[in-house]
file start.cif (mmCIF, C-alpha atoms)
data_structure
#
loop_
_atom_site.group_PDB
_atom_site.id
_atom_site.type_symbol
_atom_site.label_atom_id
_atom_site.label_comp_id
_atom_site.auth_asym_id
_atom_site.auth_seq_id
_atom_site.Cartn_x
_atom_site.Cartn_y
_atom_site.Cartn_z
ATOM 1 C CA MET A 1 109.365 104.604 89.197
ATOM 2 C CA ARG A 2 109.331 106.492 92.468
ATOM 3 C CA PRO A 3 112.555 107.877 93.986
ATOM 4 C CA GLN A 4 113.955 106.192 97.066
ATOM 5 C CA PRO A 5 112.536 107.965 100.116
ATOM 6 C CA SER A 6 114.203 109.637 103.031
ATOM 7 C CA TYR A 7 112.790 108.557 106.377
ATOM 8 C CA ARG A 8 109.038 107.959 106.022
ATOM 9 C CA GLY A 9 107.323 106.237 108.927
ATOM 10 C CA ARG A 10 103.698 105.376 109.576
ATOM 11 C CA PHE A 11 101.167 104.337 112.191
ATOM 12 C CA ALA A 12 98.395 102.115 110.822
ATOM 13 C CA PRO A 13 95.609 101.317 113.306
ATOM 14 C CA SER A 14 92.461 99.382 112.473
ATOM 15 C CA PRO A 15 89.171 101.048 113.505
ATOM 16 C CA SER A 16 87.945 98.069 115.511
ATOM 17 C CA GLY A 17 87.825 100.232 118.623
ATOM 18 C CA HIS A 18 89.334 103.251 120.353
ATOM 19 C CA LEU A 19 93.071 103.538 120.982
ATOM 20 C CA HIS A 20 94.245 101.850 124.172
ATOM 21 C CA PHE A 21 97.528 102.305 126.013
ATOM 22 C CA GLY A 22 99.331 99.617 124.004
ATOM 23 C CA SER A 23 98.386 101.349 120.765
ATOM 24 C CA LEU A 24 99.563 104.678 122.159
ATOM 25 C CA ILE A 25 103.007 103.241 122.864
ATOM 26 C CA THR A 26 103.260 101.989 119.277
ATOM 27 C CA ALA A 27 102.098 105.303 117.821
ATOM 28 C CA LEU A 28 104.466 107.242 120.070
ATOM 29 C CA ALA A 29 107.519 105.106 119.227
ATOM 30 C CA SER A 30 106.772 105.339 115.505
ATOM 31 C CA PHE A 31 106.259 109.117 115.691
ATOM 32 C CA LEU A 32 109.363 109.810 117.781
ATOM 33 C CA ASP A 33 111.670 107.725 115.608
ATOM 34 C CA ALA A 34 110.449 109.546 112.497
ATOM 35 C CA LYS A 35 110.804 112.998 114.029
ATOM 36 C CA LYS A 36 114.193 112.276 115.607
ATOM 37 C CA ASN A 37 115.414 111.357 112.112
ATOM 38 C CA ASN A 38 113.906 114.509 110.531
ATOM 39 C CA GLY A 39 111.438 112.258 108.775
ATOM 40 C CA THR A 40 107.818 112.286 107.703
ATOM 41 C CA TRP A 41 105.180 110.524 109.815
ATOM 42 C CA LEU A 42 101.981 109.237 108.240
ATOM 43 C CA VAL A 43 98.749 107.803 109.585
ATOM 44 C CA ARG A 44 96.911 105.086 107.679
ATOM 45 C CA ILE A 45 93.541 103.720 108.762
ATOM 46 C CA GLU A 46 93.379 100.005 107.953
ATOM 47 C CA ASP A 47 89.619 99.778 107.419
ATOM 48 C CA ILE A 48 89.404 96.764 105.102
ATOM 49 C CA ASP A 49 87.515 94.449 107.474
ATOM 50 C CA PRO A 50 84.035 96.012 107.934
ATOM 51 C CA PRO A 51 82.648 93.227 110.184
ATOM 52 C CA ARG A 52 85.288 94.073 112.820
ATOM 53 C CA GLU A 53 85.004 97.859 112.621
ATOM 54 C CA LYS A 54 83.242 100.074 115.156
ATOM 55 C CA ILE A 55 81.202 103.077 114.063
ATOM 56 C CA GLY A 56 83.077 106.298 114.801
ATOM 57 C CA ALA A 57 86.333 104.536 115.724
ATOM 58 C CA SER A 58 88.385 106.106 112.910
ATOM 59 C CA GLU A 59 87.416 109.638 113.929
ATOM 60 C CA HIS A 60 88.079 108.897 117.595
ATOM 61 C CA ILE A 61 91.514 107.442 116.818
ATOM 62 C CA LEU A 62 92.520 110.577 114.920
ATOM 63 C CA LYS A 63 91.227 112.843 117.714
ATOM 64 C CA THR A 64 93.200 110.807 120.247
ATOM 65 C CA LEU A 65 96.428 111.144 118.282
ATOM 66 C CA GLU A 66 95.940 114.897 118.106
ATOM 67 C CA ALA A 67 95.155 115.107 121.831
ATOM 68 C CA PHE A 68 98.488 113.382 122.542
ATOM 69 C CA GLY A 69 100.459 115.708 120.262
ATOM 70 C CA LEU A 70 101.019 113.109 117.537
ATOM 71 C CA HIS A 71 100.318 115.151 114.413
ATOM 72 C CA TRP A 72 100.650 113.487 111.007
ATOM 73 C CA ASP A 73 102.357 115.166 108.059
ATOM 74 C CA GLU A 74 100.227 114.163 105.066
ATOM 75 C CA THR A 75 96.597 113.334 104.328
ATOM 76 C CA VAL A 76 95.368 110.266 106.216
ATOM 77 C CA LEU A 77 95.101 107.249 103.908
ATOM 78 C CA PHE A 78 92.017 105.039 104.330
ATOM 79 C CA GLN A 79 92.547 101.551 102.952
ATOM 80 C CA SER A 80 88.846 101.323 102.108
ATOM 81 C CA LYS A 81 89.586 103.841 99.325
ATOM 82 C CA GLN A 82 92.375 101.693 97.866
ATOM 83 C CA SER A 83 90.315 98.859 96.328
ATOM 84 C CA ASP A 84 91.036 99.749 92.693
ATOM 85 C CA TYR A 85 94.749 99.822 93.451
ATOM 86 C CA TYR A 86 94.645 96.441 95.229
ATOM 87 C CA PHE A 87 92.719 94.862 92.341
ATOM 88 C CA GLN A 88 95.354 96.193 89.927
ATOM 89 C CA VAL A 89 98.076 94.561 92.004
ATOM 90 C CA ILE A 90 96.221 91.228 92.091
ATOM 91 C CA LYS A 91 95.590 91.374 88.337
ATOM 92 C CA GLU A 92 99.295 91.884 87.648
ATOM 93 C CA LEU A 93 100.267 89.112 90.068
ATOM 94 C CA PHE A 94 98.036 86.717 88.132
ATOM 95 C CA LYS A 95 99.516 87.945 84.852
ATOM 96 C CA GLU A 96 103.023 87.186 86.142
ATOM 97 C CA GLY A 97 101.953 83.741 87.414
ATOM 98 C CA HIS A 98 102.515 84.632 91.069
ATOM 99 C CA CYS A 99 99.139 83.607 92.531
ATOM 100 C CA TYR A 100 96.232 81.165 92.237
ATOM 101 C CA TYR A 101 92.742 80.391 93.536
ATOM 102 C CA CYS A 102 92.412 78.141 96.580
ATOM 103 C CA SER A 103 89.259 76.456 97.939
ATOM 104 C CA CYS A 104 90.810 74.904 101.047
ATOM 105 C CA THR A 105 89.112 75.622 104.359
ATOM 106 C CA ARG A 106 90.735 76.450 107.676
ATOM 107 C CA LYS A 107 89.435 73.150 109.027
ATOM 108 C CA GLN A 108 91.143 71.215 106.226
ATOM 109 C CA ILE A 109 94.430 73.007 106.809
ATOM 110 C CA LYS A 110 94.177 72.451 110.557
ATOM 111 C CA THR A 111 93.823 68.688 110.048
ATOM 112 C CA ILE A 112 97.209 68.568 108.267
ATOM 113 C CA GLY A 113 99.017 70.486 110.989
ATOM 114 C CA GLY A 114 97.964 74.074 110.417
ATOM 115 C CA ILE A 115 100.431 74.889 107.624
ATOM 116 C CA TYR A 116 99.046 75.101 104.090
ATOM 117 C CA GLN A 117 100.927 72.731 101.774
ATOM 118 C CA GLY A 118 100.111 74.268 98.380
ATOM 119 C CA HIS A 119 97.297 71.801 97.664
ATOM 120 C CA CYS A 120 95.512 74.013 95.122
ATOM 121 C CA ARG A 121 98.593 75.456 93.449
ATOM 122 C CA SER A 122 98.330 73.321 90.304
ATOM 123 C CA LEU A 123 94.628 72.441 90.330
ATOM 124 C CA ASN A 124 93.250 75.424 88.386
ATOM 125 C CA ILE A 125 90.538 76.001 90.972
ATOM 126 C CA GLU A 126 87.548 78.086 89.890
ATOM 127 C CA LYS A 127 87.235 81.664 91.129
ATOM 128 C CA SER A 128 83.857 81.083 92.803
ATOM 129 C CA ASN A 129 84.037 80.671 96.596
ATOM 130 C CA SER A 130 87.827 80.715 96.562
ATOM 131 C CA ALA A 131 90.581 82.686 98.199
ATOM 132 C CA ILE A 132 93.667 83.918 96.340
ATOM 133 C CA ARG A 133 97.110 82.799 97.491
ATOM 134 C CA VAL A 134 100.545 83.915 96.347
ATOM 135 C CA ILE A 135 103.207 81.450 95.264
ATOM 136 C CA ASN A 136 105.732 82.078 97.999
ATOM 137 C CA ASN A 137 109.034 80.845 96.587
ATOM 138 C CA HIS A 138 111.147 83.233 98.659
ATOM 139 C CA GLY A 139 110.103 82.227 102.172
ATOM 140 C CA ILE A 140 112.176 84.659 104.214
ATOM 141 C CA TYR A 141 112.180 83.427 107.800
ATOM 142 C CA GLN A 142 115.211 85.282 109.209
ATOM 143 C CA TYR A 143 115.781 89.018 109.230
ATOM 144 C CA HIS A 144 117.419 91.764 111.265
ATOM 145 C CA ASP A 145 115.142 93.892 113.403
ATOM 146 C CA LEU A 146 116.118 97.460 114.270
ATOM 147 C CA ILE A 147 115.208 96.923 117.936
ATOM 148 C CA GLN A 148 115.102 93.186 118.645
ATOM 149 C CA GLY A 149 118.161 92.206 116.604
ATOM 150 C CA ASN A 150 118.243 88.964 114.628
ATOM 151 C CA ILE A 151 114.805 87.375 114.306
ATOM 152 C CA LYS A 152 114.122 83.787 113.289
ATOM 153 C CA CYS A 153 110.546 82.710 112.573
ATOM 154 C CA GLU A 154 109.032 79.284 111.984
ATOM 155 C CA GLN A 155 110.396 78.346 108.568
ATOM 156 C CA ALA A 156 107.381 76.303 107.430
ATOM 157 C CA LEU A 157 105.013 79.173 108.230
ATOM 158 C CA ALA A 158 107.258 81.722 106.518
ATOM 159 C CA GLU A 159 107.373 79.582 103.372
ATOM 160 C CA GLU A 160 103.588 79.025 103.235
ATOM 161 C CA ASP A 161 101.609 80.297 100.222
ATOM 162 C CA PHE A 162 99.620 82.931 102.103
ATOM 163 C CA ILE A 163 96.242 84.480 101.301
ATOM 164 C CA ILE A 164 96.008 87.937 99.734
ATOM 165 C CA PHE A 165 92.269 87.923 98.966
ATOM 166 C CA ARG A 166 89.748 86.178 101.195
ATOM 167 C CA LYS A 167 86.822 83.923 100.316
ATOM 168 C CA ASP A 168 84.435 86.483 101.778
ATOM 169 C CA GLY A 169 85.517 89.058 99.195
ATOM 170 C CA LEU A 170 87.763 91.110 101.477
ATOM 171 C CA PHE A 171 91.396 92.014 100.871
ATOM 172 C CA ALA A 172 93.814 90.255 103.197
ATOM 173 C CA TYR A 173 96.074 92.197 105.538
ATOM 174 C CA GLN A 174 99.292 90.968 103.904
ATOM 175 C CA LEU A 175 98.316 92.377 100.515
ATOM 176 C CA ALA A 176 97.014 95.714 101.742
ATOM 177 C CA VAL A 177 99.851 96.485 104.144
ATOM 178 C CA VAL A 178 102.668 95.761 101.685
ATOM 179 C CA ALA A 179 100.923 97.404 98.732
ATOM 180 C CA ASP A 180 100.279 100.549 100.770
ATOM 181 C CA ASP A 181 103.772 100.679 102.267
ATOM 182 C CA ILE A 182 105.031 100.741 98.676
ATOM 183 C CA TYR A 183 102.321 103.209 97.606
ATOM 184 C CA GLN A 184 103.281 105.593 100.415
ATOM 185 C CA ASN A 185 107.029 105.080 100.019
ATOM 186 C CA ILE A 186 107.398 103.911 103.617
ATOM 187 C CA SER A 187 111.033 103.474 104.614
ATOM 188 C CA HIS A 188 110.683 102.546 108.319
ATOM 189 C CA VAL A 189 108.031 100.617 110.240
ATOM 190 C CA ILE A 190 108.068 100.735 114.042
ATOM 191 C CA ARG A 191 105.353 98.535 115.541
ATOM 192 C CA GLY A 192 104.631 95.822 118.122
ATOM 193 C CA CYS A 193 106.283 92.436 118.554
ATOM 194 C CA ASP A 194 103.007 90.663 117.776
ATOM 195 C CA LEU A 195 103.871 91.330 114.116
ATOM 196 C CA LEU A 196 107.317 89.705 114.066
ATOM 197 C CA GLU A 197 106.090 86.677 112.077
ATOM 198 C CA PRO A 198 103.877 88.670 109.664
ATOM 199 C CA THR A 199 106.965 90.774 108.922
ATOM 200 C CA ALA A 200 108.691 87.672 107.548
ATOM 201 C CA ARG A 201 105.771 87.124 105.158
ATOM 202 C CA GLN A 202 105.795 90.746 104.119
ATOM 203 C CA LEU A 203 109.510 90.622 103.382
ATOM 204 C CA SER A 204 108.828 87.526 101.259
ATOM 205 C CA PHE A 205 106.089 89.393 99.372
ATOM 206 C CA TYR A 206 108.240 92.311 98.234
ATOM 207 C CA PRO A 207 110.199 90.376 95.571
ATOM 208 C CA LEU A 208 106.905 89.280 93.969
ATOM 209 C CA LEU A 209 105.755 92.880 93.624
ATOM 210 C CA GLU A 210 109.039 94.259 92.384
ATOM 211 C CA ASN A 211 108.887 95.742 88.886
ATOM 212 C CA ILE A 212 105.128 95.243 88.490
ATOM 213 C CA GLN A 213 103.871 98.057 86.273
ATOM 214 C CA LEU A 214 100.541 99.651 87.223
ATOM 215 C CA ASN A 215 98.653 102.489 85.562
ATOM 216 C CA ASN A 216 100.195 105.197 87.694
ATOM 217 C CA PHE A 217 103.608 103.924 88.749
ATOM 218 C CA GLN A 218 105.931 100.972 88.939
ATOM 219 C CA LEU A 219 105.950 98.851 92.059
ATOM 220 C CA LYS A 220 109.668 98.976 92.716
ATOM 221 C CA ASN A 221 110.721 99.718 96.237
ATOM 222 C CA SER A 222 113.066 98.254 98.819
ATOM 223 C CA PRO A 223 111.374 96.742 101.881
ATOM 224 C CA PRO A 224 111.170 99.088 104.882
ATOM 225 C CA THR A 225 113.480 98.802 107.832
ATOM 226 C CA PHE A 226 111.445 97.122 110.576
ATOM 227 C CA GLY A 227 111.680 97.687 114.311
ATOM 228 C CA HIS A 228 109.406 95.947 116.822
ATOM 229 C CA ILE A 229 108.744 97.314 120.281
ATOM 230 C CA PRO A 230 107.755 95.062 123.210
ATOM 231 C CA LEU A 231 104.076 94.326 123.751
ATOM 232 C CA VAL A 232 102.507 95.631 126.928
ATOM 233 C CA VAL A 233 100.854 92.830 128.912
ATOM 234 C CA THR A 234 98.839 92.747 132.116
ATOM 235 C CA GLU A 235 99.973 91.025 135.306
ATOM 236 C CA GLN A 236 98.022 87.982 134.103
ATOM 237 C CA GLY A 237 100.042 87.965 130.877
ATOM 238 C CA TYR A 238 97.297 89.247 128.589
ATOM 239 C CA LYS A 239 98.268 91.536 125.736
ATOM 240 C CA LEU A 240 96.653 94.964 125.848
ATOM 241 C CA SER A 241 94.417 94.796 122.789
ATOM 242 C CA LYS A 242 90.958 95.660 121.561
ATOM 243 C CA GLN A 243 90.114 91.942 121.459
ATOM 244 C CA ASN A 244 90.955 91.716 125.174
ATOM 245 C CA LYS A 245 88.800 94.788 125.843
ATOM 246 C CA ALA A 246 91.681 97.054 126.861
ATOM 247 C CA PRO A 247 90.222 100.385 128.047
ATOM 248 C CA ALA A 248 90.491 103.455 125.827
ATOM 249 C CA ILE A 249 93.050 106.042 126.894
ATOM 250 C CA ASP A 250 91.825 109.344 128.353
ATOM 251 C CA ASN A 251 92.022 112.147 125.794
ATOM 252 C CA SER A 252 91.247 114.758 128.439
ATOM 253 C CA ASN A 253 94.339 114.024 130.542
ATOM 254 C CA PRO A 254 97.133 112.834 128.219
ATOM 255 C CA GLN A 255 100.189 113.718 130.314
ATOM 256 C CA PRO A 256 100.206 110.679 132.649
ATOM 257 C CA ALA A 257 99.788 108.223 129.775
ATOM 258 C CA LEU A 258 102.522 109.945 127.751
ATOM 259 C CA MET A 259 104.933 109.786 130.684
ATOM 260 C CA ALA A 260 104.114 106.124 131.324
ATOM 261 C CA ALA A 261 104.585 105.296 127.646
ATOM 262 C CA LEU A 262 107.959 107.027 127.495
ATOM 263 C CA THR A 263 109.072 105.175 130.619
ATOM 264 C CA LEU A 264 108.065 101.774 129.231
ATOM 265 C CA LEU A 265 109.954 102.666 126.041
ATOM 266 C CA GLY A 266 113.089 103.108 128.151
ATOM 267 C CA GLN A 267 113.387 106.866 127.600
ATOM 268 C CA GLN A 268 113.604 107.921 131.296
ATOM 269 C CA PRO A 269 111.604 111.177 131.231
ATOM 270 C CA PRO A 270 112.212 113.438 134.254
ATOM 271 C CA LYS A 271 109.337 113.334 136.753
ATOM 272 C CA GLU A 272 108.789 117.097 136.630
ATOM 273 C CA LEU A 273 107.916 116.813 132.931
ATOM 274 C CA ILE A 274 104.420 115.645 133.889
ATOM 275 C CA SER A 275 103.494 119.204 134.873
ATOM 276 C CA GLU A 276 104.215 120.476 131.342
ATOM 277 C CA ASN A 277 101.720 120.643 128.509
ATOM 278 C CA VAL A 278 101.547 117.951 125.825
ATOM 279 C CA ASN A 279 103.583 119.914 123.291
ATOM 280 C CA GLU A 280 106.456 120.330 125.745
ATOM 281 C CA ILE A 281 106.439 116.633 126.628
ATOM 282 C CA ILE A 282 106.510 115.686 122.938
ATOM 283 C CA LYS A 283 109.288 118.224 122.283
ATOM 284 C CA TRP A 284 111.368 116.699 125.089
ATOM 285 C CA ALA A 285 110.643 113.199 123.814
ATOM 286 C CA ILE A 286 111.778 113.999 120.265
ATOM 287 C CA ASN A 287 114.979 115.638 121.451
ATOM 288 C CA HIS A 288 115.837 112.764 123.792
ATOM 289 C CA TRP A 289 114.568 109.803 121.769
ATOM 290 C CA GLN A 290 117.040 106.906 121.661
ATOM 291 C CA ILE A 291 115.787 103.797 119.925
ATOM 292 C CA ASP A 292 118.688 101.845 121.461
ATOM 293 C CA MET A 293 117.055 102.404 124.864
ATOM 294 C CA VAL A 294 113.871 100.557 123.897
ATOM 295 C CA PRO A 295 113.859 97.220 125.780
ATOM 296 C CA LYS A 296 115.064 94.334 123.638
ATOM 297 C CA LYS A 297 112.401 91.878 124.687
ATOM 298 C CA ARG A 298 109.025 90.884 123.347
ATOM 299 C CA GLU A 299 106.827 91.733 126.313
ATOM 300 C CA ILE A 300 106.738 94.305 129.107
ATOM 301 C CA GLN A 301 104.421 93.951 132.066
ATOM 302 C CA LEU A 302 102.144 96.871 132.848
ATOM 303 C CA THR A 303 102.581 97.961 136.453
#
call {"tool": "encode", "arguments": {"input": "start.cif", "output": "structure tokens"}}
result
Amino acid sequence: MRPQPSYRGRFAPSPSGHLHFGSLITALASFLDAKKNNGTWLVRIEDIDPPREKIGASEHILKTLEAFGLHWDETVLFQSKQSDYYFQVIKELFKEGHCYYCSCTRKQIKTIGGIYQGHCRSLNIEKSNSAIRVINNHGIYQYHDLIQGNIKCEQALAEEDFIIFRKDGLFAYQLAVVADDIYQNISHVIRGCDLLEPTARQLSFYPLLENIQLNNFQLKNSPPTFGHIPLVVTEQGYKLSKQNKAPAIDNSNPQPALMAALTLLGQQPPKELISENVNEIIKWAINHWQIDMVPKKREIQLT
């Protein structure tokens, strides 16, 4: 059993492209909250979906973080190296009766309203061409967010038996993110408001993993404290994202982007700070970080 951690935060990008301004804001908020609380800040590359990944993206992401003064404290964890660990978790979940094989297609689920109704739960579906779902008896749909306050998600979606291993043989995000947050003893997660609903599922997943004994350690850990920062959207209302082809940030001139990010996070950096080097801007930002100043809304328009 691992000891309860002090503050341990993390930034976990997927290498589906270079970091854009929205990703920078998330990384910066996560980093500053960890450092303001004398904590440890980790970087985890979520490279478990090869079809979506871009060659060289992982290396470029890490170089970008360094260019912006966001230096991680421990070895970078690549989820692609965690397969044995994930398979152990799945094996133990089956042993405890917490999951099952499901052959339902997205089209079938869409025809019944888009929420999976547990059709395969008691059918003893064969492993071949099947996904793996967890039996979600906890269904947490309300929780307190460190930034946004009380959050209420769609109850039916929160109570759905969600997929942890896909039909195409890839690990699902919900499994990997929770398993690795436990593996790395993460105590705080600061990230974007697009993950408010997935957070409810992840909170529901923790009780299923509690007390599972693996080869190296026992999966017993309290869920992290979650805080969700507003998403940055364009004037047209589009989220800045790799899918929407948001441009990569400029590693050669980080000061303007850092100042803009701090401003959007409500931190009110003095204008003259832009003439300082990156290390001085980051030093100021750590000393003056106030999470209570982060806007309590789900979107902020980029000006």
call {"tool": "atom_distance", "arguments": {"input": "start.cif", "atom1": "atom CA of His60 of chain A", "atom2": "atom CA of Ile300 of chain A"}}
result
26.3 Å
call {"tool": "resolve_selection", "arguments": {"input": "start.cif", "expression": "the PyMOL selection byres ((chain A and resi 72) around 7)", "output": "MDAnalysis selection string"}}
result
chainID A and resid 41:43 70:71 73:74
call {"tool": "resolve_selection", "arguments": {"input": "start.cif", "expression": "the PyMOL selection byres ((chain A and resi 288) around 10)", "output": "ChimeraX atom specification"}}
result
/A:32,36,267-269,282-287,289-291
call {"tool": "atom_distance", "arguments": {"input": "start.cif", "atom1": "atom CA of Cys99 of chain A", "atom2": "atom CA of Ile132 of chain A"}}
result
6.7 Å
call {"tool": "resolve_selection", "arguments": {"input": "start.cif", "expression": "the PyMOL selection byres ((chain A and resi 178) around 10)", "output": "list of chain:residue names"}}
result
A:Tyr173, A:Gln174, A:Leu175, A:Ala176, A:Val177, A:Ala179, A:Asp180, A:Asp181, A:Ile182, A:Tyr183, A:Gln184, A:Ile186, A:Thr199, A:Arg201, A:Gln202, A:Leu203, A:Phe205, A:Tyr206, A:Leu209, A:Pro223, A:Pro224
call {"tool": "write_last_selection", "arguments": {"input": "start.cif", "atoms": "C-alpha atoms", "output": "PDB file, in the coordinates of the input"}}
result
ATOM      1  CA  TYR A 173      96.074  92.197 105.538  1.00  0.00           C
ATOM      2  CA  GLN A 174      99.292  90.968 103.904  1.00  0.00           C
ATOM      3  CA  LEU A 175      98.316  92.377 100.515  1.00  0.00           C
ATOM      4  CA  ALA A 176      97.014  95.714 101.742  1.00  0.00           C
ATOM      5  CA  VAL A 177      99.851  96.485 104.144  1.00  0.00           C
ATOM      6  CA  ALA A 179     100.923  97.404  98.732  1.00  0.00           C
ATOM      7  CA  ASP A 180     100.279 100.549 100.770  1.00  0.00           C
ATOM      8  CA  ASP A 181     103.772 100.679 102.267  1.00  0.00           C
ATOM      9  CA  ILE A 182     105.031 100.741  98.676  1.00  0.00           C
ATOM     10  CA  TYR A 183     102.321 103.209  97.606  1.00  0.00           C
ATOM     11  CA  GLN A 184     103.281 105.593 100.415  1.00  0.00           C
ATOM     12  CA  ILE A 186     107.398 103.911 103.617  1.00  0.00           C
ATOM     13  CA  THR A 199     106.965  90.774 108.922  1.00  0.00           C
ATOM     14  CA  ARG A 201     105.771  87.124 105.158  1.00  0.00           C
ATOM     15  CA  GLN A 202     105.795  90.746 104.119  1.00  0.00           C
ATOM     16  CA  LEU A 203     109.510  90.622 103.382  1.00  0.00           C
ATOM     17  CA  PHE A 205     106.089  89.393  99.372  1.00  0.00           C
ATOM     18  CA  TYR A 206     108.240  92.311  98.234  1.00  0.00           C
ATOM     19  CA  LEU A 209     105.755  92.880  93.624  1.00  0.00           C
ATOM     20  CA  PRO A 223     111.374  96.742 101.881  1.00  0.00           C
ATOM     21  CA  PRO A 224     111.170  99.088 104.882  1.00  0.00           C
TER      22      PRO A 224
END
call {"tool": "closest_residue", "arguments": {"input": "start.cif", "among": "A:Pro15, A:Gly22, A:Gly227, A:Gly169", "to": "Ser83 of chain A", "atoms": "all atoms listed in the file"}}
result
A:Gly169
call {"tool": "axis_aligned_box", "arguments": {"input": "start.cif", "around": "segment 102-120 of chain A", "padding_each_side": "6 Å", "output": "JSON"}}
result
{"center_x": 95.0, "center_y": 73.4, "center_z": 103.1, "size_x": 23.8, "size_y": 21.6, "size_z": 27.9}
call {"tool": "residues_around", "arguments": {"input": "start.cif", "residues": "Tyr143 of chain A", "least_positions_apart": "2", "cutoff": "12 Å", "atoms": "all atoms listed in the file", "output": "ChimeraX atom specification"}}
result
/A:139-141,145-153,155,158,196-204,223-227
call {"tool": "residues_around", "arguments": {"input": "start.cif", "residues": "Gln79 of chain A", "least_positions_apart": "4", "cutoff": "8 Å", "atoms": "all atoms listed in the file", "output": "PyMOL selection string"}}
result
chain A and resi 44-48+83+176
call {"tool": "residues_around", "arguments": {"input": "start.cif", "residues": "segment 251-257 of chain A", "least_positions_apart": "5", "cutoff": "8 Å", "atoms": "all atoms listed in the file", "output": "number ranges by chain"}}
result
A: 21, 64, 67-68, 274-278, 281
call {"tool": "atom_distance", "arguments": {"input": "start.cif", "atom1": "atom CA of Gly17 of chain A", "atom2": "atom CA of Leu265 of chain A"}}
result
23.5 Å
call {"tool": "residues_around", "arguments": {"input": "start.cif", "residues": "Phe162 of chain A", "least_positions_apart": "6", "cutoff": "8 Å", "atoms": "all atoms listed in the file", "output": "list in words"}}
result
Arg133, Val134, Ile135 and Asn136 of chain A
call {"tool": "residues_around", "arguments": {"input": "start.cif", "residues": "Ala131 of chain A", "least_positions_apart": "2", "cutoff": "12 Å", "atoms": "only C-alpha atoms", "output": "PyMOL selection string"}}
result
chain A and resi 90+99-106+120-121+125-129+133-134+161-172
call {"tool": "closest_residue", "arguments": {"input": "start.cif", "among": "A:Glu66, A:Asn124, A:Glu53, A:Ala34", "to": "Ser80 of chain A", "atoms": "only C-alpha atoms"}}
result
A:Glu53
call {"tool": "closest_residue", "arguments": {"input": "start.cif", "among": "A:Ala12, A:Leu273, A:Ile25, A:Ala156", "to": "Pro230 of chain A", "atoms": "all atoms listed in the file"}}
result
A:Ile25
